[in-house]
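Undergrad: This structure is in C-alpha coordinates; I'll ask about it shortly.
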Amino acid sequence: MNKLSPYIFLSPALFLLSLFIIVPMLEVVYFSFMRYSFFGTSEFIGFGNYTRLFADSNFWWTLFNSLLYVLVTPVLMVVSLIFALSIRNSMRSAKVLRLFFFLPVITPIVVVGIMWKWIFTEESGLFNYILSLIGVGNVPWLTNYPTNVVSVMILTVWRGFGYYMMILLAGMALIPKEIEEAGILDGANPFQQVIHIILPNLKPTLLFIFVVSSSSAIKLFTELYVLIPGVPMNNKTLVAYLYRQSFERFDFGYGSALAVVIFVITSVFSYANIKMMERQ
Amino acid sequence: MMKYIRYCILVIGAGIAVMPFLWLLSTSFKGAEELFAYPPAIIPSVIVWENYSGLWNAVPLGIYFINTIVVTIISVVLNVLLSSLAGFALARQHFKYKQTVFYVIVASLLIPKEVIILPLYTIVLKMHLADSLAGVIIPFVVDGMGIFMMRQAFLSIPKEIEEAGIIDGASPFVLWWNVMLPMTKPMMATLTIFTFIASWGDFLWPLVVLKSPEHFTLQVGLSYLMGTFVDNFRYVAAGGILSIIPVVIVFIFMQKYFERGLFAGSGK
(Lines give C-alpha, C1' and ligand atoms only; values in the text may rest on other atoms or scores of the structure.)
Protein backbone atom coordinates (compact mmCIF):
# COMPACT_ATOMS: atom_id res chain seq x y z
CA MET A 1 0.00 0.00 0.00
CA ASN A 2 2.73 2.49 0.97
CA LYS A 3 4.71 1.54 -2.11
CA LEU A 4 1.72 2.19 -4.33
CA SER A 5 0.72 5.47 -2.72
CA PRO A 6 2.88 7.80 -4.87
CA TYR A 7 1.20 6.40 -7.96
CA ILE A 8 -2.24 6.84 -6.42
CA PHE A 9 -1.37 10.44 -5.50
CA LEU A 10 -0.09 11.20 -8.97
CA SER A 11 -2.61 9.33 -11.07
CA PRO A 12 -5.46 11.89 -11.27
CA ALA A 13 -3.15 14.71 -12.40
CA LEU A 14 -1.15 12.48 -14.74
CA PHE A 15 -4.27 10.98 -16.24
CA LEU A 16 -5.71 14.41 -17.03
CA LEU A 17 -2.43 15.82 -18.37
CA SER A 18 -1.91 12.78 -20.60
CA LEU A 19 -5.43 12.51 -21.94
CA PHE A 20 -6.05 16.20 -22.52
CA ILE A 21 -2.60 17.54 -23.39
CA ILE A 22 -0.12 14.84 -24.42
CA VAL A 23 -2.54 12.70 -26.47
CA PRO A 24 -3.98 15.68 -28.40
CA MET A 25 -0.43 16.83 -29.20
CA LEU A 26 0.40 13.40 -30.63
CA GLU A 27 -2.86 13.53 -32.60
CA VAL A 28 -1.94 16.92 -34.03
CA VAL A 29 1.34 15.52 -35.35
CA TYR A 30 -0.49 12.46 -36.76
CA PHE A 31 -3.30 14.49 -38.39
CA SER A 32 -0.75 16.81 -39.99
CA PHE A 33 0.22 13.96 -42.34
CA MET A 34 -3.38 13.16 -43.28
CA ARG A 35 -5.98 14.59 -45.58
CA TYR A 36 -8.63 14.74 -42.94
CA SER A 37 -11.67 16.94 -42.80
CA PHE A 38 -14.81 17.00 -40.78
CA PHE A 39 -16.86 16.03 -43.84
CA GLY A 40 -14.77 13.47 -45.69
CA THR A 41 -12.70 10.37 -45.09
CA SER A 42 -9.06 10.50 -44.09
CA GLU A 43 -6.00 9.33 -45.99
CA PHE A 44 -2.25 9.51 -45.48
CA ILE A 45 -0.66 12.16 -47.70
CA GLY A 46 2.87 12.47 -46.28
CA PHE A 47 4.08 16.06 -46.27
CA GLY A 48 1.20 17.18 -48.50
CA ASN A 49 -0.25 19.55 -45.91
CA TYR A 50 3.16 21.09 -45.30
CA THR A 51 3.92 21.72 -48.97
CA ARG A 52 0.47 23.27 -49.31
CA LEU A 53 1.15 25.39 -46.23
CA PHE A 54 4.48 26.71 -47.49
CA ALA A 55 2.83 27.74 -50.76
CA ASP A 56 0.00 29.56 -48.96
CA SER A 57 0.35 33.34 -48.85
CA ASN A 58 -1.97 33.54 -45.84
CA PHE A 59 0.48 31.34 -43.94
CA TRP A 60 3.40 33.65 -44.67
CA TRP A 61 1.38 36.75 -43.84
CA THR A 62 0.16 35.37 -40.54
CA LEU A 63 3.65 34.09 -39.72
CA PHE A 64 5.03 37.55 -40.47
CA ASN A 65 2.39 39.21 -38.27
CA SER A 66 2.98 36.79 -35.41
CA LEU A 67 6.70 37.55 -35.53
CA LEU A 68 5.88 41.25 -35.78
CA TYR A 69 4.10 41.06 -32.44
CA VAL A 70 7.37 40.00 -30.83
CA LEU A 71 8.21 43.71 -31.10
CA VAL A 72 6.02 44.28 -28.04
CA THR A 73 8.70 42.52 -26.00
CA PRO A 74 11.36 45.27 -25.98
CA VAL A 75 8.65 47.89 -25.39
CA LEU A 76 7.22 45.90 -22.49
CA MET A 77 10.70 45.44 -21.03
CA VAL A 78 11.52 49.16 -21.12
CA VAL A 79 8.12 50.28 -19.82
CA SER A 80 7.99 47.76 -16.99
CA LEU A 81 11.61 48.53 -16.08
CA ILE A 82 10.82 52.24 -15.76
CA PHE A 83 7.91 51.51 -13.43
CA ALA A 84 9.82 48.88 -11.46
CA LEU A 85 12.67 51.34 -10.84
CA SER A 86 10.21 54.01 -9.80
CA ILE A 87 8.25 51.87 -7.37
CA ARG A 88 10.96 49.71 -5.81
CA ASN A 89 11.95 51.86 -2.86
CA SER A 90 8.40 52.53 -1.82
CA MET A 91 7.14 48.94 -2.02
CA ARG A 92 5.55 48.83 1.40
CA SER A 93 3.50 51.97 1.08
CA ALA A 94 2.55 51.32 -2.54
CA LYS A 95 0.07 48.48 -2.15
CA VAL A 96 -2.84 50.45 -3.58
CA LEU A 97 -0.65 51.73 -6.39
CA ARG A 98 0.32 48.15 -7.24
CA LEU A 99 -3.36 47.19 -7.21
CA PHE A 100 -3.92 49.79 -9.95
CA PHE A 101 -1.01 48.36 -11.95
CA PHE A 102 -2.44 44.84 -11.58
CA LEU A 103 -5.99 45.70 -12.68
CA PRO A 104 -5.15 45.23 -16.40
CA VAL A 105 -3.45 41.92 -15.58
CA ILE A 106 -6.43 40.37 -13.79
CA THR A 107 -9.13 41.68 -16.14
CA PRO A 108 -10.56 39.06 -18.53
CA ILE A 109 -9.40 39.47 -22.11
CA VAL A 110 -12.93 39.94 -23.41
CA VAL A 111 -13.47 42.93 -21.13
CA VAL A 112 -10.06 44.30 -22.11
CA GLY A 113 -11.15 44.00 -25.74
CA ILE A 114 -14.44 45.79 -25.00
CA MET A 115 -12.63 48.69 -23.31
CA TRP A 116 -10.04 49.19 -25.99
CA LYS A 117 -12.45 48.76 -28.85
CA TRP A 118 -14.34 51.71 -27.48
CA ILE A 119 -11.16 53.72 -26.98
CA PHE A 120 -9.91 52.98 -30.52
CA THR A 121 -13.26 53.50 -32.27
CA GLU A 122 -12.60 55.87 -35.10
CA GLU A 123 -15.57 58.24 -35.06
CA SER A 124 -16.18 58.94 -31.39
CA GLY A 125 -13.33 57.12 -29.71
CA LEU A 126 -11.32 58.59 -26.86
CA PHE A 127 -7.96 58.03 -28.54
CA ASN A 128 -8.75 59.90 -31.72
CA TYR A 129 -10.30 62.69 -29.65
CA ILE A 130 -7.13 63.09 -27.58
CA LEU A 131 -5.05 62.98 -30.77
CA SER A 132 -7.26 65.63 -32.38
CA LEU A 133 -6.42 67.95 -29.47
CA ILE A 134 -2.79 67.88 -30.57
CA GLY A 135 -3.75 68.22 -34.22
CA VAL A 136 -3.58 64.61 -35.42
CA GLY A 137 -6.37 63.63 -37.82
CA ASN A 138 -8.62 60.57 -37.59
CA VAL A 139 -6.47 57.44 -37.27
CA PRO A 140 -8.13 54.18 -38.44
CA TRP A 141 -6.97 52.24 -35.38
CA LEU A 142 -9.04 49.13 -35.99
CA THR A 143 -9.54 48.79 -39.72
CA ASN A 144 -6.26 49.73 -41.36
CA TYR A 145 -3.22 47.45 -41.56
CA PRO A 146 -0.64 47.83 -40.03
CA THR A 147 -2.25 50.43 -37.75
CA ASN A 148 -4.42 47.70 -36.22
CA VAL A 149 -1.25 45.77 -35.39
CA VAL A 150 -0.09 48.80 -33.41
CA SER A 151 -3.48 48.93 -31.64
CA VAL A 152 -3.19 45.29 -30.57
CA MET A 153 0.37 46.00 -29.43
CA ILE A 154 -0.79 48.93 -27.31
CA LEU A 155 -3.43 46.69 -25.72
CA THR A 156 -0.81 43.99 -25.05
CA VAL A 157 1.63 46.41 -23.44
CA TRP A 158 -1.11 47.94 -21.31
CA ARG A 159 -2.24 44.51 -20.18
CA GLY A 160 1.24 43.17 -19.42
CA PHE A 161 3.38 45.92 -17.91
CA GLY A 162 2.13 45.51 -14.33
CA TYR A 163 2.90 41.81 -14.45
CA TYR A 164 6.43 42.24 -15.80
CA MET A 165 7.05 45.13 -13.41
CA MET A 166 6.42 42.75 -10.53
CA ILE A 167 8.74 40.11 -12.03
CA LEU A 168 11.46 42.76 -12.37
CA LEU A 169 10.93 43.87 -8.76
CA ALA A 170 11.46 40.26 -7.72
CA GLY A 171 14.68 40.19 -9.72
CA MET A 172 15.83 43.47 -8.18
CA ALA A 173 15.17 42.14 -4.68
CA LEU A 174 17.80 39.49 -5.38
CA ILE A 175 20.57 42.00 -6.11
CA PRO A 176 22.86 42.02 -3.05
CA LYS A 177 22.54 45.26 -1.07
CA GLU A 178 26.33 45.60 -0.78
CA ILE A 179 26.78 45.90 -4.54
CA GLU A 180 24.33 48.77 -4.76
CA GLU A 181 25.73 50.50 -1.69
CA ALA A 182 29.25 50.22 -3.11
CA GLY A 183 27.99 51.97 -6.24
CA ILE A 184 26.49 54.81 -4.24
CA LEU A 185 29.72 55.19 -2.23
CA ASP A 186 31.65 55.40 -5.50
CA GLY A 187 29.48 58.37 -6.38
CA ALA A 188 27.39 56.81 -9.14
CA ASN A 189 24.38 58.94 -10.05
CA PRO A 190 20.98 57.19 -10.27
CA PHE A 191 21.32 56.79 -14.04
CA GLN A 192 24.78 55.23 -13.75
CA GLN A 193 23.50 52.94 -11.00
CA VAL A 194 20.85 51.58 -13.32
CA ILE A 195 23.20 51.08 -16.28
CA HIS A 196 26.21 49.69 -14.44
CA ILE A 197 24.78 47.95 -11.41
CA ILE A 198 21.09 47.10 -11.71
CA LEU A 199 20.83 46.07 -15.36
CA PRO A 200 23.83 43.68 -15.43
CA ASN A 201 22.53 42.00 -12.28
CA LEU A 202 19.06 41.78 -13.74
CA LYS A 203 20.11 39.86 -16.82
CA PRO A 204 18.49 36.50 -15.88
CA THR A 205 15.18 38.22 -15.11
CA LEU A 206 15.30 40.23 -18.34
CA LEU A 207 16.00 37.06 -20.32
CA PHE A 208 13.10 35.34 -18.58
CA ILE A 209 10.77 38.20 -19.51
CA PHE A 210 12.07 38.18 -23.07
CA VAL A 211 11.24 34.50 -23.47
CA VAL A 212 7.83 34.61 -21.78
CA SER A 213 6.66 37.75 -23.54
CA SER A 214 7.94 36.66 -26.96
CA SER A 215 6.38 33.22 -26.87
CA SER A 216 3.03 34.66 -25.81
CA ALA A 217 3.34 37.19 -28.66
CA ILE A 218 3.80 34.31 -31.12
CA LYS A 219 0.61 32.69 -29.79
CA LEU A 220 -1.40 35.91 -29.88
CA PHE A 221 -5.00 35.36 -30.94
CA THR A 222 -7.76 36.22 -28.44
CA GLU A 223 -6.60 39.84 -28.40
CA LEU A 224 -7.35 39.99 -32.13
CA TYR A 225 -10.53 38.00 -31.81
CA VAL A 226 -12.01 40.57 -29.44
CA LEU A 227 -10.48 43.77 -30.82
CA ILE A 228 -10.42 43.37 -34.62
CA PRO A 229 -12.59 40.34 -35.50
CA GLY A 230 -13.58 41.50 -38.97
CA VAL A 231 -10.23 42.27 -40.57
CA PRO A 232 -8.87 40.12 -43.45
CA MET A 233 -6.76 37.08 -42.60
CA ASN A 234 -3.53 38.66 -43.84
CA ASN A 235 -3.85 41.22 -41.01
CA LYS A 236 -4.02 38.42 -38.42
CA THR A 237 -1.75 35.88 -36.75
CA LEU A 238 -0.83 32.19 -37.02
CA VAL A 239 -3.22 31.06 -34.30
CA ALA A 240 -6.04 33.07 -35.89
CA TYR A 241 -5.39 31.19 -39.13
CA LEU A 242 -5.29 27.90 -37.23
CA TYR A 243 -8.62 28.72 -35.60
CA ARG A 244 -10.21 29.46 -38.96
CA GLN A 245 -8.89 26.33 -40.67
CA SER A 246 -10.01 24.16 -37.73
CA PHE A 247 -13.33 25.59 -36.62
CA GLU A 248 -14.64 27.44 -39.67
CA ARG A 249 -13.21 25.48 -42.60
CA PHE A 250 -13.00 22.11 -40.77
CA ASP A 251 -9.79 21.37 -42.67
CA PHE A 252 -8.31 19.34 -39.83
CA GLY A 253 -5.23 17.95 -41.60
CA TYR A 254 -4.15 21.34 -42.86
CA GLY A 255 -4.89 22.99 -39.52
CA SER A 256 -2.79 20.36 -37.78
CA ALA A 257 0.22 21.06 -40.01
CA LEU A 258 -0.16 24.71 -39.08
CA ALA A 259 -0.40 23.76 -35.40
CA VAL A 260 2.83 21.75 -35.65
CA VAL A 261 4.62 24.77 -37.13
CA ILE A 262 3.36 26.97 -34.28
CA PHE A 263 4.49 24.36 -31.78
CA VAL A 264 7.99 24.26 -33.31
CA ILE A 265 8.32 28.06 -33.12
CA THR A 266 7.15 28.27 -29.50
CA SER A 267 9.39 25.32 -28.62
CA VAL A 268 12.45 27.37 -29.55
CA PHE A 269 11.49 29.85 -26.84
CA SER A 270 10.54 27.15 -24.33
CA TYR A 271 13.86 25.42 -24.94
CA ALA A 272 15.71 28.66 -24.25
CA ASN A 273 13.67 29.05 -21.07
CA ILE A 274 14.52 25.59 -19.79
CA LYS A 275 18.22 26.11 -20.58
CA MET A 276 18.14 29.32 -18.56
CA MET A 277 16.45 27.67 -15.59
CA GLU A 278 19.00 24.87 -15.66
CA ARG A 279 21.87 27.34 -15.53
CA GLN A 280 20.56 28.95 -12.37
CA MET B 1 14.31 65.78 -7.10
CA MET B 2 14.63 62.13 -8.17
CA LYS B 3 11.88 61.32 -5.74
CA TYR B 4 9.44 63.67 -7.46
CA ILE B 5 10.27 62.32 -10.91
CA ARG B 6 9.60 58.81 -9.67
CA TYR B 7 6.39 59.93 -8.04
CA CYS B 8 5.24 61.53 -11.30
CA ILE B 9 6.07 58.41 -13.31
CA LEU B 10 4.07 56.24 -10.94
CA VAL B 11 1.04 58.53 -10.98
CA ILE B 12 1.10 58.61 -14.78
CA GLY B 13 1.45 54.79 -14.89
CA ALA B 14 -1.43 54.25 -12.50
CA GLY B 15 -3.49 56.70 -14.55
CA ILE B 16 -2.79 54.81 -17.76
CA ALA B 17 -3.62 51.50 -16.07
CA VAL B 18 -6.93 52.76 -14.66
CA MET B 19 -8.11 55.09 -17.42
CA PRO B 20 -9.74 52.41 -19.65
CA PHE B 21 -11.72 51.15 -16.64
CA LEU B 22 -13.02 54.62 -15.83
CA TRP B 23 -13.90 55.17 -19.48
CA LEU B 24 -15.84 51.89 -19.57
CA LEU B 25 -17.59 52.78 -16.31
CA SER B 26 -18.52 56.19 -17.68
CA THR B 27 -19.79 54.65 -20.93
CA SER B 28 -21.95 52.19 -19.02
CA PHE B 29 -23.88 55.12 -17.48
CA LYS B 30 -24.39 57.10 -20.67
CA GLY B 31 -27.65 57.62 -22.49
CA ALA B 32 -28.10 56.75 -26.17
CA GLU B 33 -27.58 60.29 -27.42
CA GLU B 34 -24.45 60.87 -25.37
CA LEU B 35 -22.81 57.59 -26.41
CA PHE B 36 -21.58 58.90 -29.76
CA ALA B 37 -21.23 62.51 -28.65
CA TYR B 38 -18.28 64.36 -30.04
CA PRO B 39 -16.22 65.52 -28.26
CA PRO B 40 -16.76 62.52 -25.98
CA ALA B 41 -18.30 63.27 -22.59
CA ILE B 42 -15.76 62.14 -19.99
CA ILE B 43 -18.40 62.12 -17.26
CA PRO B 44 -22.00 61.41 -18.33
CA SER B 45 -24.20 64.51 -17.95
CA VAL B 46 -27.02 62.31 -16.62
CA ILE B 47 -26.41 58.98 -14.92
CA VAL B 48 -28.45 56.42 -16.85
CA TRP B 49 -29.14 53.17 -14.97
CA GLU B 50 -31.20 51.75 -17.83
CA ASN B 51 -28.13 50.18 -19.45
CA TYR B 52 -27.84 47.78 -16.55
CA SER B 53 -31.52 46.89 -16.43
CA GLY B 54 -31.64 46.73 -20.23
CA LEU B 55 -28.72 44.32 -20.24
CA TRP B 56 -30.42 42.20 -17.61
CA ASN B 57 -33.52 41.94 -19.82
CA ALA B 58 -31.61 41.35 -23.04
CA VAL B 59 -29.47 38.38 -21.97
CA PRO B 60 -29.71 35.72 -19.22
CA LEU B 61 -27.00 37.47 -17.23
CA GLY B 62 -27.85 35.67 -13.99
CA ILE B 63 -27.27 32.32 -15.67
CA TYR B 64 -23.95 33.49 -17.10
CA PHE B 65 -22.90 34.53 -13.61
CA ILE B 66 -23.92 31.22 -12.05
CA ASN B 67 -22.13 29.25 -14.79
CA THR B 68 -18.96 31.30 -14.34
CA ILE B 69 -19.06 30.89 -10.56
CA VAL B 70 -19.54 27.11 -10.92
CA VAL B 71 -16.67 26.81 -13.41
CA THR B 72 -14.36 28.96 -11.29
CA ILE B 73 -15.04 27.31 -7.93
CA ILE B 74 -14.75 23.75 -9.25
CA SER B 75 -11.58 24.62 -11.20
CA VAL B 76 -9.95 26.18 -8.14
CA VAL B 77 -10.84 23.33 -5.78
CA LEU B 78 -9.79 20.57 -8.19
CA ASN B 79 -6.59 22.28 -9.28
CA VAL B 80 -5.42 22.93 -5.71
CA LEU B 81 -6.38 19.44 -4.57
CA LEU B 82 -4.91 17.45 -7.47
CA SER B 83 -1.78 19.62 -7.70
CA SER B 84 -1.09 19.20 -4.01
CA LEU B 85 -1.53 15.42 -4.27
CA ALA B 86 0.89 15.23 -7.19
CA GLY B 87 3.24 17.82 -5.71
CA PHE B 88 3.42 15.89 -2.44
CA ALA B 89 4.33 12.66 -4.21
CA LEU B 90 7.02 14.42 -6.24
CA ALA B 91 8.52 16.26 -3.28
CA ARG B 92 8.25 13.75 -0.48
CA GLN B 93 7.96 10.23 -1.83
CA HIS B 94 10.36 7.86 -3.50
CA PHE B 95 9.23 5.76 -6.40
CA LYS B 96 10.57 4.15 -9.49
CA TYR B 97 9.29 6.25 -12.37
CA LYS B 98 9.77 9.70 -10.82
CA GLN B 99 11.95 10.90 -13.70
CA THR B 100 9.39 9.77 -16.29
CA VAL B 101 6.60 11.52 -14.42
CA PHE B 102 8.69 14.67 -14.38
CA TYR B 103 9.15 14.53 -18.13
CA VAL B 104 5.42 14.13 -18.71
CA ILE B 105 4.70 17.22 -16.61
CA VAL B 106 7.41 19.30 -18.29
CA ALA B 107 6.16 18.17 -21.72
CA SER B 108 2.64 19.26 -20.78
CA LEU B 109 4.02 22.70 -19.95
CA LEU B 110 5.69 23.04 -23.34
CA ILE B 111 2.52 22.37 -25.33
CA PRO B 112 0.50 25.54 -25.94
CA LYS B 113 -3.24 25.25 -25.42
CA GLU B 114 -3.81 26.94 -28.79
CA VAL B 115 -1.97 24.18 -30.66
CA ILE B 116 -4.01 21.25 -29.34
CA ILE B 117 -7.42 22.86 -29.24
CA LEU B 118 -8.80 21.01 -32.27
CA PRO B 119 -8.01 17.37 -31.31
CA LEU B 120 -8.99 18.28 -27.77
CA TYR B 121 -12.39 19.35 -29.02
CA THR B 122 -12.85 16.04 -30.86
CA ILE B 123 -11.94 14.17 -27.64
CA VAL B 124 -14.44 16.22 -25.67
CA LEU B 125 -17.06 15.50 -28.35
CA LYS B 126 -16.42 11.75 -28.09
CA MET B 127 -16.74 11.93 -24.31
CA HIS B 128 -20.12 13.70 -24.71
CA LEU B 129 -18.80 16.68 -22.77
CA ALA B 130 -19.23 19.23 -25.58
CA ASP B 131 -21.56 22.12 -24.76
CA SER B 132 -21.35 21.45 -21.04
CA LEU B 133 -19.64 23.10 -18.09
CA ALA B 134 -17.85 19.82 -17.39
CA GLY B 135 -16.33 20.07 -20.85
CA VAL B 136 -15.08 23.56 -20.01
CA ILE B 137 -13.63 22.55 -16.64
CA ILE B 138 -12.08 19.11 -16.99
CA PRO B 139 -9.48 19.32 -19.81
CA PHE B 140 -7.40 22.14 -18.29
CA VAL B 141 -8.24 21.61 -14.64
CA VAL B 142 -4.70 20.63 -13.65
CA ASP B 143 -1.62 22.27 -15.06
CA GLY B 144 2.05 21.51 -14.64
CA MET B 145 2.72 24.93 -13.12
CA GLY B 146 0.39 24.23 -10.20
CA ILE B 147 2.01 20.85 -9.59
CA PHE B 148 5.47 22.42 -9.52
CA MET B 149 4.28 25.21 -7.20
CA MET B 150 2.87 22.69 -4.71
CA ARG B 151 5.96 20.51 -5.04
CA GLN B 152 8.05 23.55 -4.08
CA ALA B 153 5.86 24.14 -1.02
CA PHE B 154 6.18 20.53 0.16
CA LEU B 155 9.95 20.57 -0.42
CA SER B 156 10.33 23.49 1.98
CA ILE B 157 8.77 21.62 4.95
CA PRO B 158 11.48 20.41 7.40
CA LYS B 159 12.26 16.71 7.39
CA GLU B 160 11.64 16.43 11.16
CA ILE B 161 7.95 17.07 10.77
CA GLU B 162 7.62 14.25 8.27
CA GLU B 163 9.66 11.92 10.51
CA ALA B 164 7.52 12.73 13.54
CA GLY B 165 4.47 11.84 11.51
CA ILE B 166 5.96 8.54 10.38
CA ILE B 167 6.95 7.62 13.97
CA ASP B 168 3.36 8.28 15.00
CA GLY B 169 2.39 5.70 12.42
CA ALA B 170 0.74 8.06 9.95
CA SER B 171 -0.20 6.53 6.59
CA PRO B 172 0.90 8.40 3.43
CA PHE B 173 -2.59 9.83 3.11
CA VAL B 174 -2.68 11.06 6.72
CA LEU B 175 0.83 12.43 6.32
CA TRP B 176 -0.31 14.41 3.29
CA TRP B 177 -3.70 15.61 4.50
CA ASN B 178 -3.26 16.05 8.28
CA VAL B 179 0.43 16.75 8.71
CA MET B 180 1.81 18.50 5.66
CA LEU B 181 -1.02 20.02 3.66
CA PRO B 182 -1.89 22.55 6.40
CA MET B 183 1.69 23.82 6.20
CA THR B 184 1.34 24.67 2.51
CA LYS B 185 -1.55 27.08 3.04
CA PRO B 186 0.27 30.17 1.67
CA MET B 187 1.12 28.35 -1.56
CA MET B 188 -2.42 26.98 -1.81
CA ALA B 189 -3.65 30.58 -1.52
CA THR B 190 -1.28 31.64 -4.29
CA LEU B 191 -2.47 28.82 -6.54
CA THR B 192 -6.08 29.71 -5.67
CA ILE B 193 -5.81 33.32 -6.78
CA PHE B 194 -3.96 32.42 -9.98
CA THR B 195 -6.53 29.75 -10.87
CA PHE B 196 -9.40 32.05 -9.94
CA ILE B 197 -8.22 34.80 -12.29
CA ALA B 198 -7.52 32.32 -15.10
CA SER B 199 -10.87 30.49 -14.89
CA TRP B 200 -12.97 33.61 -14.39
CA GLY B 201 -11.52 35.20 -17.51
CA ASP B 202 -10.98 32.08 -19.61
CA PHE B 203 -12.32 32.63 -23.09
CA LEU B 204 -10.91 30.63 -25.99
CA TRP B 205 -11.67 27.13 -24.70
CA PRO B 206 -15.17 27.92 -23.38
CA LEU B 207 -15.88 29.64 -26.70
CA VAL B 208 -15.02 26.44 -28.56
CA VAL B 209 -16.88 24.09 -26.21
CA LEU B 210 -20.08 25.99 -25.41
CA LYS B 211 -22.86 26.27 -28.00
CA SER B 212 -26.12 26.96 -26.19
CA PRO B 213 -26.66 30.26 -24.36
CA GLU B 214 -27.88 28.56 -21.18
CA HIS B 215 -24.37 27.12 -20.75
CA PHE B 216 -22.43 30.31 -21.54
CA THR B 217 -19.95 31.72 -19.11
CA LEU B 218 -19.84 35.50 -18.67
CA GLN B 219 -16.94 36.00 -21.07
CA VAL B 220 -18.52 33.91 -23.83
CA GLY B 221 -21.86 35.62 -23.28
CA LEU B 222 -20.22 39.05 -23.41
CA SER B 223 -18.39 38.26 -26.64
CA TYR B 224 -21.67 37.23 -28.28
CA LEU B 225 -23.31 40.36 -26.93
CA MET B 226 -20.51 42.38 -28.49
CA GLY B 227 -21.19 40.68 -31.82
CA THR B 228 -24.96 41.25 -31.77
CA PHE B 229 -25.20 44.62 -30.05
CA VAL B 230 -22.75 46.63 -32.13
CA ASP B 231 -25.17 49.54 -32.02
CA ASN B 232 -25.67 49.39 -28.33
CA PHE B 233 -22.32 49.52 -26.77
CA ARG B 234 -23.84 50.74 -23.51
CA TYR B 235 -25.12 47.23 -22.67
CA VAL B 236 -21.77 45.68 -23.46
CA ALA B 237 -20.06 48.27 -21.26
CA ALA B 238 -22.44 47.53 -18.40
CA GLY B 239 -21.82 43.79 -18.81
CA GLY B 240 -18.06 44.33 -18.81
CA ILE B 241 -18.22 46.34 -15.59
CA LEU B 242 -20.44 43.77 -13.83
CA SER B 243 -18.25 40.86 -14.92
CA ILE B 244 -15.04 42.28 -13.43
CA ILE B 245 -16.44 43.24 -10.01
CA PRO B 246 -16.10 39.73 -8.49
CA VAL B 247 -12.56 39.17 -9.72
CA VAL B 248 -11.44 42.60 -8.48
CA ILE B 249 -12.98 42.03 -5.05
CA VAL B 250 -11.37 38.59 -4.67
CA PHE B 251 -8.07 40.02 -5.89
CA ILE B 252 -8.06 42.83 -3.33
CA PHE B 253 -8.30 40.25 -0.55
CA MET B 254 -5.62 38.00 -2.03
CA GLN B 255 -3.19 40.51 -3.55
CA LYS B 256 -0.47 39.45 -1.10
CA TYR B 257 -0.55 35.85 -2.34
CA PHE B 258 -0.66 36.92 -5.99
CA GLU B 259 2.47 39.04 -5.53
CA ARG B 260 4.17 36.24 -3.62
CA GLY B 261 3.49 33.92 -6.56
CA LEU B 262 5.02 36.36 -9.05
CA PHE B 263 8.04 36.73 -6.77
CA ALA B 264 8.49 32.98 -6.59
CA GLY B 265 8.01 32.38 -10.30
CA SER B 266 10.44 34.94 -11.64
CA GLY B 267 13.27 32.62 -12.54
CA LYS B 268 14.90 32.78 -9.15
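Quick note on naming: the chains in the C-alpha coordinates go A, B, ... in the order shown, residues restart at 1 in each chain, and ligands are numbered from 1 in order of appearance.
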Counting only C-alpha atoms, which residues from chain A have an atom at most 6 Å from any atom of chain B, and could you show them as a PyMOL selection string?
TA: chain A and resi 6+9-10+13+20+24-25+86+100-101+108+111+115+124+167+170+259
Undergrad: Can you work out which one of B:Arg234, B:Lys185, B:His128, B:Arg151 has the shortest atom-to-atom distance to Val209 of chain B, counting only C-alpha atoms?
TA: B:His128
Undergrad: Can you tell me how far atom CA of Thr121 of chain A sits from atom CA of Pro140 of chain A, in Å to one decimal?
TA: 8.1 Å
Undergrad: Fewer than 3 positions away in the same chain doesn't count, so skip those; otherwise give me all residues within 6 Å of segment 62-70 of chain B, counting only C-alpha atoms, as number ranges by chain.
TA: B: 73, 216-218
